[in-house]
$ cat protein_33.txt   # compact mmCIF, C-alpha atoms and all ligand atoms
# COMPACT_ATOMS: atom_id res chain seq x y z
CA MET L 7 0.00 0.00 0.00
CA LYS L 8 1.22 3.47 -0.88
CA GLU L 9 1.03 6.59 1.33
CA LYS L 10 -2.16 7.94 2.91
CA ILE L 11 -3.33 11.25 1.44
CA LEU L 12 -5.73 13.69 3.12
CA ILE L 13 -7.70 15.68 0.54
CA THR L 14 -9.43 18.80 1.85
CA GLY L 15 -12.35 19.73 -0.40
CA GLY L 16 -12.26 16.25 -1.91
CA CYS L 17 -15.92 16.34 -2.98
CA GLY L 18 -15.33 19.33 -5.25
CA PHE L 19 -14.58 19.42 -8.95
CA ILE L 20 -10.78 19.02 -8.96
CA GLY L 21 -10.62 17.22 -5.59
CA SER L 22 -12.95 14.40 -6.63
CA HIS L 23 -11.07 13.71 -9.88
CA THR L 24 -7.77 13.78 -8.00
CA ALA L 25 -9.15 11.28 -5.47
CA CYS L 26 -9.99 8.88 -8.33
CA VAL L 27 -6.54 9.14 -9.87
CA LEU L 28 -4.81 8.58 -6.52
CA LEU L 29 -6.99 5.59 -5.59
CA GLU L 30 -6.37 4.00 -8.96
CA SER L 31 -2.62 4.40 -8.38
CA GLY L 32 -2.88 2.60 -5.02
CA TYR L 33 -2.80 5.52 -2.55
CA GLU L 34 -5.11 5.52 0.46
CA VAL L 35 -7.47 8.49 0.44
CA VAL L 36 -9.11 10.38 3.31
CA ILE L 37 -11.45 13.26 2.44
CA ILE L 38 -12.66 16.17 4.53
CA ASP L 39 -15.35 18.39 3.01
CA ASN L 40 -18.09 20.58 4.50
CA LEU L 41 -20.28 20.10 1.37
CA SER L 42 -20.75 23.89 1.11
CA ASN L 43 -20.38 23.68 -2.68
CA SER L 44 -20.58 19.92 -3.33
CA LYS L 45 -22.68 16.85 -2.65
CA VAL L 46 -22.04 13.84 -0.44
CA GLU L 47 -23.05 11.47 -3.31
CA VAL L 48 -19.68 12.27 -4.86
CA ILE L 49 -18.06 9.96 -2.28
CA ASP L 50 -20.05 6.97 -3.56
CA LYS L 51 -19.19 7.88 -7.13
CA ILE L 52 -15.48 8.03 -6.31
CA LYS L 53 -15.79 4.57 -4.72
CA LYS L 54 -17.66 3.24 -7.75
CA ILE L 55 -15.12 4.58 -10.25
CA SER L 56 -12.11 3.29 -8.33
CA SER L 57 -13.62 0.17 -6.72
CA LYS L 58 -11.74 1.27 -3.57
CA GLU L 59 -12.71 2.49 -0.12
CA VAL L 60 -12.51 6.16 0.88
CA THR L 61 -12.69 7.51 4.42
CA PHE L 62 -14.94 10.58 4.54
CA TYR L 63 -15.21 13.19 7.30
CA GLU L 64 -17.97 15.76 6.86
CA GLY L 65 -16.80 18.99 8.39
CA ASP L 66 -14.95 22.22 8.12
CA VAL L 67 -11.20 22.58 7.77
CA CYS L 68 -11.42 25.53 10.20
CA ASP L 69 -12.54 23.04 12.85
CA LYS L 70 -9.22 22.25 14.51
CA LYS L 71 -10.83 19.76 16.88
CA LEU L 72 -12.01 17.70 13.93
CA LEU L 73 -8.67 18.06 12.15
CA LYS L 74 -6.83 16.81 15.24
CA LYS L 75 -9.18 13.85 15.43
CA ILE L 76 -8.45 13.01 11.79
CA PHE L 77 -4.67 13.30 12.21
CA LYS L 78 -4.83 11.18 15.37
CA GLN L 79 -6.99 8.50 13.78
CA GLU L 80 -5.39 8.33 10.35
CA LYS L 81 -1.67 8.36 9.77
CA ILE L 82 -1.63 11.04 7.10
CA ASP L 83 1.53 11.24 4.97
CA VAL L 84 0.62 14.06 2.57
CA VAL L 85 -2.15 16.67 2.45
CA ILE L 86 -3.64 18.17 -0.72
CA HIS L 87 -5.42 21.38 0.22
CA PHE L 88 -8.29 22.28 -2.13
CA ALA L 89 -10.97 23.46 0.30
CA ALA L 90 -11.70 27.11 -0.49
CA PHE L 91 -14.27 29.54 -1.80
CA LYS L 92 -13.57 30.24 -5.47
CA ALA L 93 -16.17 32.55 -7.02
CA VAL L 94 -14.31 35.63 -8.24
CA GLY L 95 -17.37 37.92 -8.51
CA GLU L 96 -18.64 37.01 -5.05
CA SER L 97 -15.20 37.66 -3.59
CA VAL L 98 -15.36 41.25 -4.86
CA LYS L 99 -18.73 41.74 -3.13
CA LEU L 100 -17.91 39.81 0.04
CA PRO L 101 -14.15 40.09 0.54
CA LEU L 102 -14.25 39.36 4.28
CA LYS L 103 -16.04 36.07 3.66
CA TYR L 104 -13.21 35.05 1.33
CA TYR L 105 -10.33 36.23 3.49
CA ARG L 106 -11.86 34.64 6.60
CA ASN L 107 -12.59 31.29 5.02
CA ASN L 108 -9.61 30.75 2.72
CA LEU L 109 -7.03 31.97 5.21
CA ASP L 110 -8.63 30.40 8.31
CA THR L 111 -8.87 26.95 6.75
CA THR L 112 -5.25 27.08 5.62
CA LEU L 113 -3.87 28.37 8.93
CA SER L 114 -5.83 25.81 10.95
CA LEU L 115 -4.63 23.04 8.65
CA LEU L 116 -0.98 24.14 8.79
CA GLU L 117 -1.06 24.42 12.60
CA VAL L 118 -2.48 20.94 13.01
CA MET L 119 -0.10 19.49 10.42
CA ASN L 120 2.80 21.03 12.36
CA GLU L 121 1.50 19.56 15.61
CA PHE L 122 1.33 16.07 14.10
CA ASN L 123 4.65 16.47 12.28
CA CYS L 124 3.02 15.96 8.90
CA LYS L 125 4.92 18.43 6.73
CA ARG L 126 4.21 17.44 3.16
CA LEU L 127 1.68 19.58 1.34
CA VAL L 128 0.34 20.11 -2.17
CA PHE L 129 -1.46 23.45 -2.43
CA SER L 130 -4.15 24.34 -4.93
CA SER L 131 -3.22 27.77 -6.28
CA SER L 132 -4.22 29.45 -9.52
CA ALA L 133 -2.80 31.23 -12.56
CA THR L 134 -4.78 34.18 -11.20
CA VAL L 135 -1.66 35.00 -9.11
CA TYR L 136 0.05 36.26 -12.30
CA GLY L 137 -2.46 39.14 -12.60
CA SER L 138 -2.09 40.74 -16.05
CA PRO L 139 1.06 39.06 -17.40
CA LYS L 140 3.48 41.29 -19.32
CA SER L 141 4.22 38.57 -21.88
CA LEU L 142 3.17 35.04 -22.85
CA PRO L 143 3.56 32.15 -22.22
CA ILE L 144 3.62 32.56 -18.44
CA LYS L 145 6.61 31.19 -16.54
CA GLU L 146 6.69 30.47 -12.81
CA ASP L 147 9.15 33.30 -12.09
CA PHE L 148 6.88 36.03 -13.56
CA PRO L 149 5.90 38.86 -11.18
CA LEU L 150 2.86 38.14 -9.02
CA SER L 151 -0.20 40.34 -8.50
CA THR L 152 -3.96 39.95 -8.30
CA THR L 153 -7.14 41.65 -9.49
CA ASN L 154 -9.72 40.35 -6.96
CA PRO L 155 -9.95 39.16 -3.32
CA TYR L 156 -10.22 35.47 -4.33
CA GLY L 157 -6.91 35.74 -6.19
CA THR L 158 -5.40 37.66 -3.30
CA THR L 159 -6.24 34.83 -0.87
CA LYS L 160 -4.32 32.43 -3.15
CA LEU L 161 -1.35 34.79 -3.33
CA MET L 162 -1.40 35.41 0.45
CA ILE L 163 -1.43 31.66 1.10
CA GLU L 164 1.51 31.16 -1.26
CA GLN L 165 3.39 33.76 0.82
CA ILE L 166 2.40 32.09 4.10
CA LEU L 167 3.72 28.77 2.76
CA LYS L 168 7.00 30.34 1.64
CA ASP L 169 7.49 31.95 5.07
CA LEU L 170 6.67 28.67 6.78
CA ALA L 171 9.14 26.67 4.67
CA LYS L 172 11.81 29.31 5.33
CA SER L 173 11.29 29.08 9.08
CA ASP L 174 11.30 25.28 9.02
CA PRO L 175 13.05 23.68 6.03
CA THR L 176 11.66 20.25 6.91
CA TRP L 177 8.41 21.30 5.19
CA SER L 178 8.03 19.94 1.67
CA ILE L 179 5.51 21.92 -0.39
CA ALA L 180 4.34 21.95 -3.99
CA ILE L 181 2.29 24.97 -5.06
CA LEU L 182 0.26 24.17 -8.16
CA ARG L 183 -0.93 27.09 -10.30
CA TYR L 184 -3.82 25.85 -12.38
CA PHE L 185 -4.82 27.37 -15.67
CA ASN L 186 -8.47 26.69 -16.72
CA PRO L 187 -9.64 23.19 -15.73
CA ILE L 188 -12.62 21.83 -17.68
CA GLY L 189 -13.91 18.40 -18.77
CA ALA L 190 -14.97 15.53 -16.54
CA HIS L 191 -14.16 11.92 -15.68
CA GLU L 192 -14.71 9.71 -18.76
CA SER L 193 -17.33 7.68 -16.84
CA GLY L 194 -19.62 10.72 -16.68
CA LEU L 195 -20.14 10.00 -12.96
CA ILE L 196 -18.32 13.06 -11.65
CA GLY L 197 -17.79 16.49 -13.18
CA GLU L 198 -18.42 20.18 -12.65
CA ASN L 199 -21.93 20.97 -11.57
CA PRO L 200 -22.35 24.39 -9.98
CA ASN L 201 -25.65 24.90 -8.16
CA ASP L 202 -26.07 28.54 -9.14
CA ILE L 203 -25.70 30.28 -12.48
CA PRO L 204 -22.12 29.47 -13.50
CA ASN L 205 -19.41 32.14 -13.54
CA ASN L 206 -16.98 30.19 -15.68
CA LEU L 207 -17.20 29.61 -19.39
CA MET L 208 -17.46 25.82 -19.78
CA PRO L 209 -20.17 25.20 -17.16
CA TYR L 210 -22.15 28.01 -18.82
CA ILE L 211 -21.74 26.53 -22.32
CA VAL L 212 -22.88 23.17 -21.01
CA LYS L 213 -26.04 24.63 -19.46
CA VAL L 214 -26.91 26.49 -22.66
CA ALA L 215 -26.35 23.33 -24.74
CA ASN L 216 -28.60 21.54 -22.28
CA LYS L 217 -31.26 24.27 -22.60
CA GLU L 218 -31.12 25.08 -18.88
CA LEU L 219 -29.93 28.56 -19.85
CA GLU L 220 -31.02 30.43 -22.94
CA ILE L 221 -27.95 32.05 -24.41
CA LEU L 222 -24.22 32.38 -23.76
CA SER L 223 -22.85 35.91 -23.37
CA ILE L 224 -19.37 36.24 -24.81
CA PHE L 225 -17.59 38.93 -22.84
CA GLY L 226 -15.93 41.09 -25.49
CA SER L 227 -14.81 40.55 -29.09
CA ASP L 228 -12.36 43.45 -29.31
CA TYR L 229 -9.40 41.96 -27.45
CA ASP L 230 -6.01 41.88 -29.13
CA THR L 231 -6.26 38.12 -29.77
CA LYS L 232 -6.66 35.87 -32.83
CA ASP L 233 -10.42 36.49 -33.16
CA GLY L 234 -10.98 39.25 -30.59
CA THR L 235 -12.35 36.98 -27.84
CA GLY L 236 -10.42 36.01 -24.68
CA VAL L 237 -7.77 33.31 -24.92
CA ARG L 238 -7.18 30.77 -22.12
CA ASP L 239 -5.20 27.60 -21.46
CA TYR L 240 -7.93 24.97 -20.93
CA ILE L 241 -6.70 21.76 -19.28
CA HIS L 242 -8.64 18.51 -18.88
CA VAL L 243 -9.45 17.97 -15.19
CA MET L 244 -8.14 14.38 -15.41
CA ASP L 245 -4.77 15.68 -16.63
CA LEU L 246 -4.84 18.20 -13.80
CA ALA L 247 -5.59 15.36 -11.35
CA LYS L 248 -2.57 13.46 -12.69
CA GLY L 249 -0.50 16.58 -12.00
CA HIS L 250 -1.40 16.24 -8.32
CA GLU L 251 -0.11 12.68 -8.26
CA LYS L 252 3.16 13.91 -9.78
CA ALA L 253 3.30 16.65 -7.12
CA ILE L 254 2.81 14.06 -4.37
CA GLU L 255 5.72 12.05 -5.75
CA LYS L 256 7.77 15.25 -5.68
CA VAL L 257 7.03 16.24 -2.08
CA LEU L 258 7.78 12.67 -0.99
CA ALA L 259 11.08 12.54 -2.88
CA GLU L 260 12.47 16.02 -2.19
CA THR L 261 12.20 18.40 0.74
CA LYS L 262 11.70 21.90 -0.68
CA ILE L 263 9.05 24.43 -1.64
CA ASP L 264 8.41 25.18 -5.30
CA CYS L 265 5.69 26.41 -7.67
CA TYR L 266 4.53 24.69 -10.86
CA ASN L 267 2.24 25.78 -13.69
CA LEU L 268 -0.32 23.15 -14.61
CA GLY L 269 -1.54 23.95 -18.10
CA THR L 270 -1.19 22.62 -21.62
CA GLY L 271 0.72 25.59 -23.05
CA GLU L 272 -1.96 26.04 -25.74
CA GLY L 273 -4.33 29.00 -25.87
CA TYR L 274 -7.88 28.73 -27.23
CA SER L 275 -10.29 31.63 -27.73
CA VAL L 276 -13.87 31.67 -26.41
CA LEU L 277 -15.16 31.30 -29.98
CA GLU L 278 -12.84 28.36 -30.68
CA LEU L 279 -14.03 26.61 -27.54
CA VAL L 280 -17.71 27.23 -28.37
CA GLU L 281 -17.29 26.06 -31.99
CA THR L 282 -15.37 22.92 -30.95
CA PHE L 283 -18.02 22.13 -28.34
CA LYS L 284 -20.82 22.45 -30.90
CA ARG L 285 -19.01 20.32 -33.48
CA VAL L 286 -17.90 17.40 -31.30
CA ASN L 287 -21.21 17.18 -29.44
CA ASN L 288 -23.42 17.98 -32.41
CA VAL L 289 -25.44 20.46 -30.38
CA ASP L 290 -26.33 24.13 -30.67
CA VAL L 291 -24.93 26.80 -28.34
CA PRO L 292 -26.55 30.15 -29.14
CA TYR L 293 -24.42 33.13 -28.13
CA LYS L 294 -24.29 36.91 -28.25
CA ILE L 295 -21.34 39.25 -27.95
CA VAL L 296 -21.63 41.61 -24.98
CA GLU L 297 -19.35 44.05 -23.13
CA ARG L 298 -16.04 42.90 -21.69
CA ARG L 299 -16.26 41.50 -18.14
CA PRO L 300 -14.41 43.82 -15.72
CA GLY L 301 -11.15 42.32 -14.50
CA ASP L 302 -10.72 39.94 -17.45
CA ILE L 303 -7.44 39.82 -19.32
CA ALA L 304 -7.04 39.27 -23.09
CA ALA L 305 -4.93 36.13 -23.01
CA CYS L 306 -3.41 33.73 -20.52
CA TYR L 307 -1.52 30.50 -21.16
CA ALA L 308 1.21 28.57 -19.44
CA ASP L 309 4.75 27.74 -20.23
CA PRO L 310 4.48 24.11 -19.05
CA THR L 311 8.23 23.27 -19.37
CA TYR L 312 9.15 23.60 -15.69
CA ALA L 313 6.37 21.23 -14.56
CA TYR L 314 7.57 18.76 -17.19
CA LYS L 315 11.20 19.05 -16.16
CA GLU L 316 10.60 18.93 -12.40
CA LEU L 317 7.49 16.76 -12.06
CA GLY L 318 7.49 14.84 -15.33
CA PHE L 319 4.00 16.25 -15.91
CA LYS L 320 2.56 16.78 -19.36
CA ALA L 321 -1.12 17.24 -20.21
CA GLU L 322 -2.26 14.64 -22.71
CA ARG L 323 -5.90 15.33 -23.52
CA GLY L 324 -6.90 17.79 -26.24
CA ILE L 325 -9.67 20.38 -26.47
CA GLU L 326 -12.09 18.00 -28.26
CA GLU L 327 -11.88 15.43 -25.47
CA MET L 328 -12.42 18.20 -22.90
CA CYS L 329 -15.59 19.33 -24.71
CA LYS L 330 -16.91 15.77 -25.14
CA ASP L 331 -16.33 14.77 -21.53
CA ALA L 332 -17.87 17.98 -20.15
CA TYR L 333 -21.07 17.37 -22.12
CA HIS L 334 -21.13 13.62 -21.47
CA PHE L 335 -21.29 14.37 -17.74
CA VAL L 336 -24.44 16.55 -17.99
CA GLU L 337 -26.10 14.26 -20.51
CA LYS L 338 -25.60 11.36 -18.16
CA ASN L 339 -26.89 13.29 -15.14
CA LYS L 340 -29.92 14.95 -16.71
C1 LIG L 401 -11.53 32.56 -13.71
C2 LIG L 401 -10.93 33.39 -12.62
C3 LIG L 401 -9.72 32.69 -12.06
C4 LIG L 401 -10.11 31.30 -11.58
C5 LIG L 401 -10.73 30.53 -12.73
C6 LIG L 401 -11.23 29.20 -12.25
C7 LIG L 401 -11.44 35.73 -13.26
C8 LIG L 401 -10.86 37.06 -13.60
N1 LIG L 401 -10.57 34.72 -13.10
O1 LIG L 401 -10.63 32.52 -14.79
O2 LIG L 401 -9.21 33.45 -11.01
O3 LIG L 401 -8.96 30.64 -11.11
O4 LIG L 401 -11.83 31.26 -13.26
O5 LIG L 401 -11.52 28.37 -13.33
O6 LIG L 401 -12.62 35.58 -13.10
N2 LIG L 401 -16.36 34.04 -20.69
C9 LIG L 401 -17.40 34.42 -21.54
N3 LIG L 401 -18.68 34.19 -21.10
C10 LIG L 401 -18.98 33.60 -19.91
C11 LIG L 401 -17.91 33.20 -19.06
C12 LIG L 401 -16.62 33.46 -19.49
O7 LIG L 401 -17.18 34.96 -22.61
O8 LIG L 401 -20.16 33.43 -19.60
C13 LIG L 401 -14.97 34.23 -21.16
C14 LIG L 401 -14.11 35.11 -20.26
O9 LIG L 401 -14.22 36.46 -20.62
C15 LIG L 401 -12.71 34.52 -20.51
C16 LIG L 401 -12.98 33.04 -20.78
O10 LIG L 401 -14.35 32.98 -21.16
O11 LIG L 401 -12.14 35.10 -21.68
C17 LIG L 401 -12.75 32.15 -19.59
O12 LIG L 401 -13.49 32.65 -18.47
P1 LIG L 401 -13.66 31.81 -17.10
O13 LIG L 401 -14.07 30.42 -17.42
O14 LIG L 401 -14.53 32.61 -16.20
O15 LIG L 401 -12.18 31.71 -16.52
P2 LIG L 401 -11.11 32.88 -16.21
O16 LIG L 401 -11.74 34.22 -16.18
O17 LIG L 401 -9.95 32.69 -17.12
$ encode --input "protein_33.txt" --output "C-alpha cells"
Amino acid sequence: MKEKILITGGCGFIGSHTACVLLESGYEVVIIDNLSNSKVEVIDKIKKISSKEVTFYEGDVCDKKLLKKIFKQEKIDVVIHFAAFKAVGESVKLPLKYYRNNLDTTLSLLEVMNEFNCKRLVFSSSATVYGSPKSLPIKEDFPLSTTNPYGTTKLMIEQILKDLAKSDPTWSIAILRYFNPIGAHESGLIGENPNDIPNNLMPYIVKVANKELEILSIFGSDYDTKDGTGVRDYIHVMDLAKGHEKAIEKVLAETKIDCYNLGTGEGYSVLELVETFKRVNNVDVPYKIVERRPGDIAACYADPTYAYKELGFKAERGIEEMCKDAYHFVEKNK
C-alpha cells in the first residue's frame, strides 16, 4: 500500500477527480469536506469509479478539533489542500467572507499538520496570481499580482507557505498554479456541476447546450487576440488530477518548496471553444457578444516546461476530449 493522502475539499470538482486518480494508483485516500459547494453522493461515485474504499469526514477545515481527530486517527503522509471559496465575482462583493474562510482553513490546517509532524503539502493555487502578465507564455518566475480578493487569498497563502518553509526547512511543499480546468471523468459520474448560475465559461456553455440557460454571453470581441475573444489555457481535469499525483511524488522525494504551472501551453479563444463544443457534441450553443467583463485579461496561457522538467507532468488530452467529456457528464446526469 502506498502513502495515505488527506484531501481537503475532496468532494469538489478538482478534488474528486484527483481522489480517483490517486486511488487508482494505489494511494489511500481520506477526504474532509463541508459540502458547502458539493454533494455527499460524490463519495459513492469516487468509490464506484475506483472500486476502492474512501474515508470521509464531513466537516470544516477551520474546525481544529475535527482536524486533530483526523490526524490522530489516520496516519496522514501528505495533504492536498483544495478546500476554499472560489467565485471571483462574489469575492469582490464579500471580501471578508473570502479572506476569513480561505485563510482560516489554511492556517488551521498548517497548525495541526505542524502539531502532528506531517509536513508534506500540495497546495491548490491558480494562474490568477500572475495578474495581467506582461508577456506570454507565463513562466513560474513572472511577477505576481492579483485583481480580486479570491486571487489575493491564493497569493497570500503562497506567501504564508513560503514563510513557513523558510522558518522550518523540513516542510516539503508543492504549489500548483492551475490554468483553466474543464472536462470531466470519462465515466460521466463526476464532473463540474455548480448549483447557481455558472461564472466560468465551460459550465455556462454546457447549461446552454442543455437548454437550462437560454444564451451564452461572450464577454468582449475586441481583445487583441486571434479572433478578438479572450484566450485561455484549458486543461482537462483528469490531466490536472494526474499533475497532483506527480506533485505528491515530488514532495515525498524532495524536501523543498516550489511552484509549478499546470496547463497545456496552448491557448484557445472563447469562440474556438464554443465552436469545438458544438461540433464534437453535435449540439447548438446560441451566443451573443456583450461588453467585456471587468477584470478579465485578453490572453493567458502557461509555459508548461518547468512542470515537465521537475514533475514529469505533461497534459495529454486535447480540447475536443475536454468538450466531449464535459457534455457527457451533464447528458448522463440529466
Ligand atoms: C476565472 C478566474 C480565475 C479562476 C478561474 C477558475 C477571473 C478574472 N478569473 O478565470 O481566477 O482561477 O476562473 O476556473 O474571473 N467568458 C465568456 N462568457 C462567460 C464566461 C466566461 O465569454 O459566460 C470568457 C471570459 O471572458 C474569458 C474566458 O471565457 O475570456 C474564460 O473565463 P472563465 O471560465 O470565467 O475563466 P477565467 O476568467 O480565465
$ closest_atom_pairs --input "protein_33.txt" --of "chain L" --to "ligand LIG 401 (chain L)" --cutoff "9 Å" --atoms "all atoms listed in the file" --output "JSON lines"
{"residue": "L:Lys92", "atom": "CA", "partner": "L:LIG401", "partner_atom": "C4", "distance": 7.1}
{"residue": "L:Ala93", "atom": "CA", "partner": "L:LIG401", "partner_atom": "O6", "distance": 7.7}
{"residue": "L:Val94", "atom": "CA", "partner": "L:LIG401", "partner_atom": "O6", "distance": 5.1}
{"residue": "L:Gly95", "atom": "CA", "partner": "L:LIG401", "partner_atom": "O6", "distance": 7.0}
{"residue": "L:Ser131", "atom": "CA", "partner": "L:LIG401", "partner_atom": "O3", "distance": 8.0}
{"residue": "L:Ser132", "atom": "CA", "partner": "L:LIG401", "partner_atom": "O3", "distance": 5.1}
{"residue": "L:Ala133", "atom": "CA", "partner": "L:LIG401", "partner_atom": "O3", "distance": 6.4}
{"residue": "L:Thr134", "atom": "CA", "partner": "L:LIG401", "partner_atom": "O2", "distance": 4.5}
{"residue": "L:Val135", "atom": "CA", "partner": "L:LIG401", "partner_atom": "O2", "distance": 7.9}
{"residue": "L:Gly137", "atom": "CA", "partner": "L:LIG401", "partner_atom": "C8", "distance": 8.7}
{"residue": "L:Thr152", "atom": "CA", "partner": "L:LIG401", "partner_atom": "O2", "distance": 8.8}
{"residue": "L:Thr153", "atom": "CA", "partner": "L:LIG401", "partner_atom": "C8", "distance": 7.2}
{"residue": "L:Asn154", "atom": "CA", "partner": "L:LIG401", "partner_atom": "C8", "distance": 7.5}
{"residue": "L:Tyr156", "atom": "CA", "partner": "L:LIG401", "partner_atom": "O2", "distance": 7.1}
{"residue": "L:Gly157", "atom": "CA", "partner": "L:LIG401", "partner_atom": "O2", "distance": 5.8}
{"residue": "L:Arg183", "atom": "CA", "partner": "L:LIG401", "partner_atom": "O3", "distance": 8.8}
{"residue": "L:Tyr184", "atom": "CA", "partner": "L:LIG401", "partner_atom": "O3", "distance": 7.1}
{"residue": "L:Phe185", "atom": "CA", "partner": "L:LIG401", "partner_atom": "O3", "distance": 7.0}
{"residue": "L:Asn186", "atom": "CA", "partner": "L:LIG401", "partner_atom": "O5", "distance": 4.9}
{"residue": "L:Pro187", "atom": "CA", "partner": "L:LIG401", "partner_atom": "O5", "distance": 6.0}
{"residue": "L:Ile188", "atom": "CA", "partner": "L:LIG401", "partner_atom": "O5", "distance": 7.9}
{"residue": "L:Pro204", "atom": "CA", "partner": "L:LIG401", "partner_atom": "O8", "distance": 7.5}
{"residue": "L:Asn205", "atom": "CA", "partner": "L:LIG401", "partner_atom": "O14", "distance": 5.6}
{"residue": "L:Asn206", "atom": "CA", "partner": "L:LIG401", "partner_atom": "O13", "distance": 3.4}
{"residue": "L:Leu207", "atom": "CA", "partner": "L:LIG401", "partner_atom": "C11", "distance": 3.7}
{"residue": "L:Met208", "atom": "CA", "partner": "L:LIG401", "partner_atom": "O13", "distance": 6.2}
{"residue": "L:Pro209", "atom": "CA", "partner": "L:LIG401", "partner_atom": "O13", "distance": 8.0}
{"residue": "L:Tyr210", "atom": "CA", "partner": "L:LIG401", "partner_atom": "O8", "distance": 5.8}
{"residue": "L:Ile211", "atom": "CA", "partner": "L:LIG401", "partner_atom": "O8", "distance": 7.6}
{"residue": "L:Leu222", "atom": "CA", "partner": "L:LIG401", "partner_atom": "O8", "distance": 5.9}
{"residue": "L:Ser223", "atom": "CA", "partner": "L:LIG401", "partner_atom": "N3", "distance": 5.0}
{"residue": "L:Ile224", "atom": "CA", "partner": "L:LIG401", "partner_atom": "O7", "distance": 3.4}
{"residue": "L:Phe225", "atom": "CA", "partner": "L:LIG401", "partner_atom": "O7", "distance": 4.0}
{"residue": "L:Gly226", "atom": "CA", "partner": "L:LIG401", "partner_atom": "O7", "distance": 6.9}
{"residue": "L:Ser227", "atom": "CA", "partner": "L:LIG401", "partner_atom": "O7", "distance": 8.9}
{"residue": "L:Thr235", "atom": "CA", "partner": "L:LIG401", "partner_atom": "O11", "distance": 6.4}
{"residue": "L:Gly236", "atom": "CA", "partner": "L:LIG401", "partner_atom": "O11", "distance": 3.6}
{"residue": "L:Val237", "atom": "CA", "partner": "L:LIG401", "partner_atom": "O11", "distance": 5.7}
{"residue": "L:Arg238", "atom": "CA", "partner": "L:LIG401", "partner_atom": "O17", "distance": 6.0}
{"residue": "L:Asp239", "atom": "CA", "partner": "L:LIG401", "partner_atom": "O17", "distance": 8.2}
{"residue": "L:Tyr240", "atom": "CA", "partner": "L:LIG401", "partner_atom": "C17", "distance": 8.8}
{"residue": "L:Ser275", "atom": "CA", "partner": "L:LIG401", "partner_atom": "O11", "distance": 7.2}
{"residue": "L:Val276", "atom": "CA", "partner": "L:LIG401", "partner_atom": "O10", "distance": 5.4}
{"residue": "L:Leu277", "atom": "CA", "partner": "L:LIG401", "partner_atom": "O7", "distance": 8.5}
{"residue": "L:Ile295", "atom": "CA", "partner": "L:LIG401", "partner_atom": "O7", "distance": 8.0}
{"residue": "L:Val296", "atom": "CA", "partner": "L:LIG401", "partner_atom": "O7", "distance": 8.3}
{"residue": "L:Arg298", "atom": "CA", "partner": "L:LIG401", "partner_atom": "O9", "distance": 6.8}
{"residue": "L:Arg299", "atom": "CA", "partner": "L:LIG401", "partner_atom": "O9", "distance": 6.0}
{"residue": "L:Pro300", "atom": "CA", "partner": "L:LIG401", "partner_atom": "C8", "distance": 7.9}
{"residue": "L:Gly301", "atom": "CA", "partner": "L:LIG401", "partner_atom": "C8", "distance": 5.3}
{"residue": "L:Asp302", "atom": "CA", "partner": "L:LIG401", "partner_atom": "C8", "distance": 4.8}
{"residue": "L:Ile303", "atom": "CA", "partner": "L:LIG401", "partner_atom": "O11", "distance": 7.1}
{"residue": "L:Ala304", "atom": "CA", "partner": "L:LIG401", "partner_atom": "O11", "distance": 6.7}
{"residue": "L:Ala305", "atom": "CA", "partner": "L:LIG401", "partner_atom": "O11", "distance": 7.4}
{"residue": "L:Cys306", "atom": "CA", "partner": "L:LIG401", "partner_atom": "O17", "distance": 7.4}
$ closest_residue --input "protein_33.txt" --among "L:Asp233, L:Asp69, L:Glu96, L:Glu316" --to "L:Lys252" --atoms "only C-alpha atoms"
L:Glu316
$ residues_around --input "protein_33.txt" --residues "L:Val60" --least-positions-apart "3" --cutoff "12 Å" --atoms "all atoms listed in the file" --output "PyMOL selection string"
chain L and resi 10-13+16-17+22+25-26+28-30+32-38+48-57+63
$ residues_around --input "protein_33.txt" --residues "L:Ser193" --least-positions-apart "3" --cutoff "10 Å" --atoms "all atoms listed in the file" --output "VMD selection string"
chain L and resid 51 55 190 196 to 197 331 334 to 335 338
$ closest_residue --input "protein_33.txt" --among "L:Asn120, L:Val27, L:Lys74, L:Pro155" --to "L:Leu100" --atoms "only C-alpha atoms"
L:Pro155
$ residues_near_point --input "protein_33.txt" --point "(-25.4, 23.0, -33.5)" --cutoff "12 Å" --atoms "all atoms listed in the file" --output "MDAnalysis selection string"
chainID L and resid 214:216 280:293
$ residues_near_point --input "protein_33.txt" --point "(-6.8, 23.9, -23.0)" --cutoff "7 Å" --atoms "all atoms listed in the file" --output "tab-separated table (two decimals) with C-alpha atoms, in the coordinates of the input"
chain	number	residue	atom	x	y	z
L	238	ARG	CA	-7.18	30.77	-22.12
L	239	ASP	CA	-5.20	27.60	-21.46
L	240	TYR	CA	-7.93	24.97	-20.93
L	241	ILE	CA	-6.70	21.76	-19.28
L	270	THR	CA	-1.19	22.62	-21.62
L	272	GLU	CA	-1.96	26.04	-25.74
L	273	GLY	CA	-4.33	29.00	-25.87
L	274	TYR	CA	-7.88	28.73	-27.23
L	324	GLY	CA	-6.90	17.79	-26.24
L	325	ILE	CA	-9.67	20.38	-26.47
$ closest_residue --input "protein_33.txt" --among "L:Met119, L:Leu170, L:Leu268, L:Ile203" --to "L:Glu220" --atoms "all atoms listed in the file"
L:Ile203
$ residues_around --input "protein_33.txt" --residues "L:Phe91" --least-positions-apart "2" --cutoff "12 Å" --atoms "only C-alpha atoms" --output "MDAnalysis selection string"
chainID L and resid 15 18 40:44 88:89 93:97 100:112 130 155:157 159:160
$ residues_around --input "protein_33.txt" --residues "L:Trp177" --least-positions-apart "6" --cutoff "7 Å" --atoms "all atoms listed in the file" --output "VMD selection string"
chain L and resid 125 to 126 171 261 to 262
$ atom_distance --input "protein_33.txt" --atom1 "atom CA of L:His23" --atom2 "atom CA of L:Asn339"
16.7 Å
$ axis_aligned_box --input "protein_33.txt" --around "stretch 10-16 of chain L" --padding-each-side "8 Å" --output "lines of an AutoDock Vina configuration file"
center_x = -7.3
center_y = 13.8
center_z = 0.6
size_x = 26.2
size_y = 27.8
size_z = 21.0
